[in-house]
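Notes follow once the structure below has been shown.
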Amino acid sequence: VRAGLVKLVQYLPSGGQRIVRLLRRGDTAGLEAVLGQPYQHSAIAVHPVLTCRIPRAVIQRLSDQTPRLHRQLMHRWQKAVERADAFLVELGTGNARARVARLFLTLAGEEGDVCDLFGREDVGAMLGITTETASRMVAELKRQGVVTELRPNHFRCDRDALQAIADEG
């Protein structure tokens, strides 16, 4: 992914969905294909994206002809798995308020204080809470001045206040 945001969605037997990971610039997806496995998730662009597709045969040749590049690709794959595990733990545990605070921090990135949030249905699907709860939590954070909506779904975040809330839950 070169720009934008992509959500990886897993559809549940109940017909619902769970967002299991977000992909940003430089992230890798679809590596199941390297092993000839079916994709585990559906990738849905939230914002416009540019992607680079590497054919499976090229990756297999890399293993033989360019082991250093192949190792770098495998390193990215491992990092993607680590981030997915952390994502599920951070955003899938604790009370709803703490989960929403952690989501804002995740979307703002390491140093940022501005982020784009997506629809409340997606927020709920990502955090394992109802759409209504997601809406209530975002509204509460706005009322408290922890996040300020600059334009629809574009927020300035008080990182310290969000971190305090995230640490509570």
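Each chain of the structure tokens is named A, B, ... in the order shown, its residues numbered from 1; ligands are numbered from 1 in display order.
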
Per residue of segment 26-143 of chain A within 7 Å of segment 6-12 of chain A, which atom pair is closest and at what distance in Å (one decimal), using only C-alpha atoms, listed by chain and increasing number, as a Markdown table?
| residue | atom | partner | partner_atom | distance |
| --- | --- | --- | --- | --- |
| A:His41 | CA | A:Gln10 | CA | 5.0 |
| A:Ser42 | CA | A:Val9 | CA | 5.1 |
| A:Ala43 | CA | A:Leu8 | CA | 4.6 |
| A:Ile44 | CA | A:Lys7 | CA | 5.3 |
| A:Ala45 | CA | A:Val6 | CA | 4.3 |
| A:Val46 | CA | A:Val6 | CA | 5.4 |

Written file, previous selection with N, CA, C and O atoms, as a PDB file, in the first residue's frame:
ATOM      1  N   HIS A  41      -8.903 -12.772   4.325  1.00  0.00           N
ATOM      2  CA  HIS A  41      -9.675 -11.563   4.556  1.00  0.00           C
ATOM      3  C   HIS A  41     -10.002 -10.882   3.228  1.00  0.00           C
ATOM      4  O   HIS A  41      -9.324 -11.103   2.238  1.00  0.00           O
ATOM      5  N   SER A  42     -11.002 -10.036   3.272  1.00  0.00           N
ATOM      6  CA  SER A  42     -11.302  -9.173   2.131  1.00  0.00           C
ATOM      7  C   SER A  42     -10.643  -7.829   2.385  1.00  0.00           C
ATOM      8  O   SER A  42     -10.734  -7.288   3.492  1.00  0.00           O
ATOM      9  N   ALA A  43      -9.978  -7.297   1.385  1.00  0.00           N
ATOM     10  CA  ALA A  43      -9.325  -5.995   1.494  1.00  0.00           C
ATOM     11  C   ALA A  43     -10.244  -4.942   0.881  1.00  0.00           C
ATOM     12  O   ALA A  43     -10.660  -5.073  -0.271  1.00  0.00           O
ATOM     13  N   ILE A  44     -10.545  -3.901   1.668  1.00  0.00           N
ATOM     14  CA  ILE A  44     -11.452  -2.846   1.216  1.00  0.00           C
ATOM     15  C   ILE A  44     -10.753  -1.504   1.431  1.00  0.00           C
ATOM     16  O   ILE A  44     -10.363  -1.175   2.561  1.00  0.00           O
ATOM     17  N   ALA A  45     -10.611  -0.746   0.358  1.00  0.00           N
ATOM     18  CA  ALA A  45      -9.972   0.571   0.459  1.00  0.00           C
ATOM     19  C   ALA A  45     -10.922   1.541   1.149  1.00  0.00           C
ATOM     20  O   ALA A  45     -12.071   1.693   0.740  1.00  0.00           O
ATOM     21  N   VAL A  46     -10.437   2.191   2.202  1.00  0.00           N
ATOM     22  CA  VAL A  46     -11.209   3.199   2.919  1.00  0.00           C
ATOM     23  C   VAL A  46     -10.971   4.560   2.281  1.00  0.00           C
ATOM     24  O   VAL A  46     -11.860   5.385   2.179  1.00  0.00           O
TER      25      VAL A  46
END

Identify, with DSSP run on backbone atoms, the residues in segment 45-118 of chain A assigned to alpha helix (DSSP H), and express the list as a PyMOL selection string. chain A and resi 56-65+67-92+96-108

Please produce, as a Markdown table, a per-residue contact table for segment 2-121 of chain A versus segment 139-152 of chain A (criterion: any atom at most 10 Å away, only C-alpha atoms considered), showing the nearest atom pair and its distance in Å to one decimal, sorted by chain then residue number.
| residue | atom | partner | partner_atom | distance |
| --- | --- | --- | --- | --- |
| A:Arg97 | CA | A:Leu141 | CA | 8.5 |
| A:Val100 | CA | A:Leu141 | CA | 9.0 |
| A:Ala101 | CA | A:Leu141 | CA | 8.3 |
| A:Phe104 | CA | A:Val147 | CA | 8.7 |
| A:Asp113 | CA | A:Val147 | CA | 9.4 |
| A:Val114 | CA | A:Leu150 | CA | 9.2 |
| A:Cys115 | CA | A:Glu149 | CA | 9.7 |
| A:Asp116 | CA | A:Pro152 | CA | 8.8 |
| A:Leu117 | CA | A:Pro152 | CA | 8.8 |
| A:Phe118 | CA | A:Pro152 | CA | 9.5 |

Output of the above residues as an mmCIF file, in the first residue's frame, restricted to all heavy atoms:
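Result file follows (again.cif):
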data_model
loop_
_atom_site.group_PDB
_atom_site.id
_atom_site.type_symbol
_atom_site.label_atom_id
_atom_site.label_comp_id
_atom_site.auth_asym_id
_atom_site.auth_seq_id
_atom_site.Cartn_x
_atom_site.Cartn_y
_atom_site.Cartn_z
ATOM 1 N N ARG A 97 -14.773 2.692 25.810
ATOM 2 C CA ARG A 97 -14.161 4.027 25.786
ATOM 3 C C ARG A 97 -12.659 3.919 25.537
ATOM 4 O O ARG A 97 -12.091 4.658 24.726
ATOM 5 C CB ARG A 97 -14.451 4.723 27.115
ATOM 6 C CG ARG A 97 -14.062 6.162 27.159
ATOM 7 C CD ARG A 97 -14.710 6.814 28.399
ATOM 8 N NE ARG A 97 -14.396 8.226 28.418
ATOM 9 C CZ ARG A 97 -13.483 8.761 29.211
ATOM 10 N NH1 ARG A 97 -12.804 8.021 30.053
ATOM 11 N NH2 ARG A 97 -13.266 10.068 29.172
ATOM 12 N N VAL A 100 -11.977 2.916 21.864
ATOM 13 C CA VAL A 100 -12.114 4.037 20.929
ATOM 14 C C VAL A 100 -10.912 4.965 21.061
ATOM 15 O O VAL A 100 -10.371 5.435 20.055
ATOM 16 C CB VAL A 100 -13.455 4.773 21.144
ATOM 17 C CG1 VAL A 100 -13.521 6.051 20.323
ATOM 18 C CG2 VAL A 100 -14.630 3.859 20.777
ATOM 19 N N ALA A 101 -10.465 5.223 22.284
ATOM 20 C CA ALA A 101 -9.279 6.071 22.488
ATOM 21 C C ALA A 101 -8.062 5.450 21.808
ATOM 22 O O ALA A 101 -7.291 6.148 21.129
ATOM 23 C CB ALA A 101 -9.019 6.264 23.983
ATOM 24 N N PHE A 104 -8.236 5.986 18.025
ATOM 25 C CA PHE A 104 -7.801 7.335 17.639
ATOM 26 C C PHE A 104 -6.280 7.433 17.663
ATOM 27 O O PHE A 104 -5.675 7.982 16.740
ATOM 28 C CB PHE A 104 -8.414 8.398 18.559
ATOM 29 C CG PHE A 104 -9.758 8.889 18.125
ATOM 30 C CD1 PHE A 104 -10.899 8.559 18.837
ATOM 31 C CD2 PHE A 104 -9.905 9.704 17.005
ATOM 32 C CE1 PHE A 104 -12.150 9.018 18.450
ATOM 33 C CE2 PHE A 104 -11.150 10.171 16.606
ATOM 34 C CZ PHE A 104 -12.277 9.828 17.328
ATOM 35 N N ASP A 113 -1.276 14.172 15.513
ATOM 36 C CA ASP A 113 -2.393 14.538 16.373
ATOM 37 C C ASP A 113 -3.669 14.756 15.559
ATOM 38 O O ASP A 113 -4.675 15.211 16.083
ATOM 39 C CB ASP A 113 -2.059 15.773 17.213
ATOM 40 C CG ASP A 113 -1.897 17.034 16.386
ATOM 41 O OD1 ASP A 113 -1.777 16.924 15.154
ATOM 42 O OD2 ASP A 113 -1.885 18.126 16.971
ATOM 43 N N VAL A 114 -3.626 14.416 14.268
ATOM 44 C CA VAL A 114 -4.788 14.537 13.396
ATOM 45 C C VAL A 114 -5.011 13.192 12.725
ATOM 46 O O VAL A 114 -4.050 12.511 12.349
ATOM 47 C CB VAL A 114 -4.562 15.641 12.328
ATOM 48 C CG1 VAL A 114 -5.717 15.701 11.353
ATOM 49 C CG2 VAL A 114 -4.366 16.997 12.997
ATOM 50 N N CYS A 115 -6.273 12.798 12.614
ATOM 51 C CA CYS A 115 -6.555 11.520 11.951
ATOM 52 C C CYS A 115 -7.920 11.557 11.284
ATOM 53 O O CYS A 115 -8.759 12.388 11.608
ATOM 54 C CB CYS A 115 -6.488 10.371 12.950
ATOM 55 S SG CYS A 115 -7.850 10.320 14.125
ATOM 56 N N ASP A 116 -8.090 10.647 10.357
ATOM 57 C CA ASP A 116 -9.375 10.426 9.712
ATOM 58 C C ASP A 116 -9.993 9.182 10.328
ATOM 59 O O ASP A 116 -9.351 8.133 10.412
ATOM 60 C CB ASP A 116 -9.197 10.219 8.204
ATOM 61 C CG ASP A 116 -8.788 11.488 7.497
ATOM 62 O OD1 ASP A 116 -9.432 12.521 7.744
ATOM 63 O OD2 ASP A 116 -7.817 11.457 6.712
ATOM 64 N N LEU A 117 -11.230 9.319 10.768
ATOM 65 C CA LEU A 117 -11.977 8.193 11.304
ATOM 66 C C LEU A 117 -12.985 7.788 10.242
ATOM 67 O O LEU A 117 -13.440 8.620 9.460
ATOM 68 C CB LEU A 117 -12.693 8.622 12.588
ATOM 69 C CG LEU A 117 -13.337 7.525 13.427
ATOM 70 C CD1 LEU A 117 -12.266 6.591 13.988
ATOM 71 C CD2 LEU A 117 -14.130 8.136 14.577
ATOM 72 N N PHE A 118 -13.320 6.532 10.189
ATOM 73 C CA PHE A 118 -14.295 6.073 9.206
ATOM 74 C C PHE A 118 -15.648 5.969 9.872
ATOM 75 O O PHE A 118 -15.817 6.378 11.023
ATOM 76 C CB PHE A 118 -13.868 4.749 8.571
ATOM 77 C CG PHE A 118 -12.870 4.004 9.386
ATOM 78 C CD1 PHE A 118 -13.268 3.147 10.386
ATOM 79 C CD2 PHE A 118 -11.506 4.183 9.174
ATOM 80 C CE1 PHE A 118 -12.347 2.481 11.156
ATOM 81 C CE2 PHE A 118 -10.582 3.513 9.943
ATOM 82 C CZ PHE A 118 -11.008 2.658 10.934
#

Report as a PDB file with C-alpha atoms, in the first residue's frame: the residues of chain A with a DSSP assignment of strand (DSSP E or B), based on the backbone of this structure.
ATOM      1  CA  ALA A   3      -1.116   5.841   0.155  1.00  0.00           C
ATOM      2  CA  VAL A   6      -7.172  -0.364   3.541  1.00  0.00           C
ATOM      3  CA  LYS A   7      -9.185  -2.408   6.009  1.00  0.00           C
ATOM      4  CA  LEU A   8      -8.897  -6.181   6.100  1.00  0.00           C
ATOM      5  CA  VAL A   9     -12.304  -7.645   6.891  1.00  0.00           C
ATOM      6  CA  GLN A  10     -13.279 -11.109   8.025  1.00  0.00           C
ATOM      7  CA  TYR A  11     -16.932 -12.009   7.558  1.00  0.00           C
ATOM      8  CA  GLN A  17     -17.983  -8.485   9.889  1.00  0.00           C
ATOM      9  CA  ARG A  18     -14.860  -7.873  11.937  1.00  0.00           C
ATOM     10  CA  ILE A  19     -12.065  -5.579  10.811  1.00  0.00           C
ATOM     11  CA  VAL A  20      -8.910  -7.435  11.777  1.00  0.00           C
ATOM     12  CA  ARG A  21      -6.239  -5.091  10.500  1.00  0.00           C
ATOM     13  CA  LEU A  22      -5.615  -1.725   8.885  1.00  0.00           C
ATOM     14  CA  LEU A  23      -3.033  -1.359   6.146  1.00  0.00           C
ATOM     15  CA  SER A  42     -11.302  -9.173   2.131  1.00  0.00           C
ATOM     16  CA  ALA A  43      -9.325  -5.995   1.494  1.00  0.00           C
ATOM     17  CA  ILE A  44     -11.452  -2.846   1.216  1.00  0.00           C
ATOM     18  CA  ALA A  45      -9.972   0.571   0.459  1.00  0.00           C
ATOM     19  CA  LEU A  50      -1.876   2.828  -4.771  1.00  0.00           C
ATOM     20  CA  VAL A 114      -4.788  14.537  13.396  1.00  0.00           C
ATOM     21  CA  CYS A 115      -6.555  11.520  11.951  1.00  0.00           C
ATOM     22  CA  ASP A 116      -9.375  10.426   9.712  1.00  0.00           C
ATOM     23  CA  VAL A 147     -11.050  14.997  20.090  1.00  0.00           C
ATOM     24  CA  THR A 148     -12.177  17.922  17.953  1.00  0.00           C
ATOM     25  CA  GLU A 149     -13.917  17.291  14.645  1.00  0.00           C
ATOM     26  CA  LEU A 150     -12.292  19.621  12.114  1.00  0.00           C
ATOM     27  CA  ARG A 151     -14.547  18.415   9.306  1.00  0.00           C
ATOM     28  CA  HIS A 154     -11.423  14.316  10.419  1.00  0.00           C
ATOM     29  CA  PHE A 155     -10.262  14.915  13.996  1.00  0.00           C
ATOM     30  CA  ARG A 156      -7.569  16.683  15.994  1.00  0.00           C
ATOM     31  CA  CYS A 157      -6.613  14.511  18.959  1.00  0.00           C
TER      32      CYS A 157
END
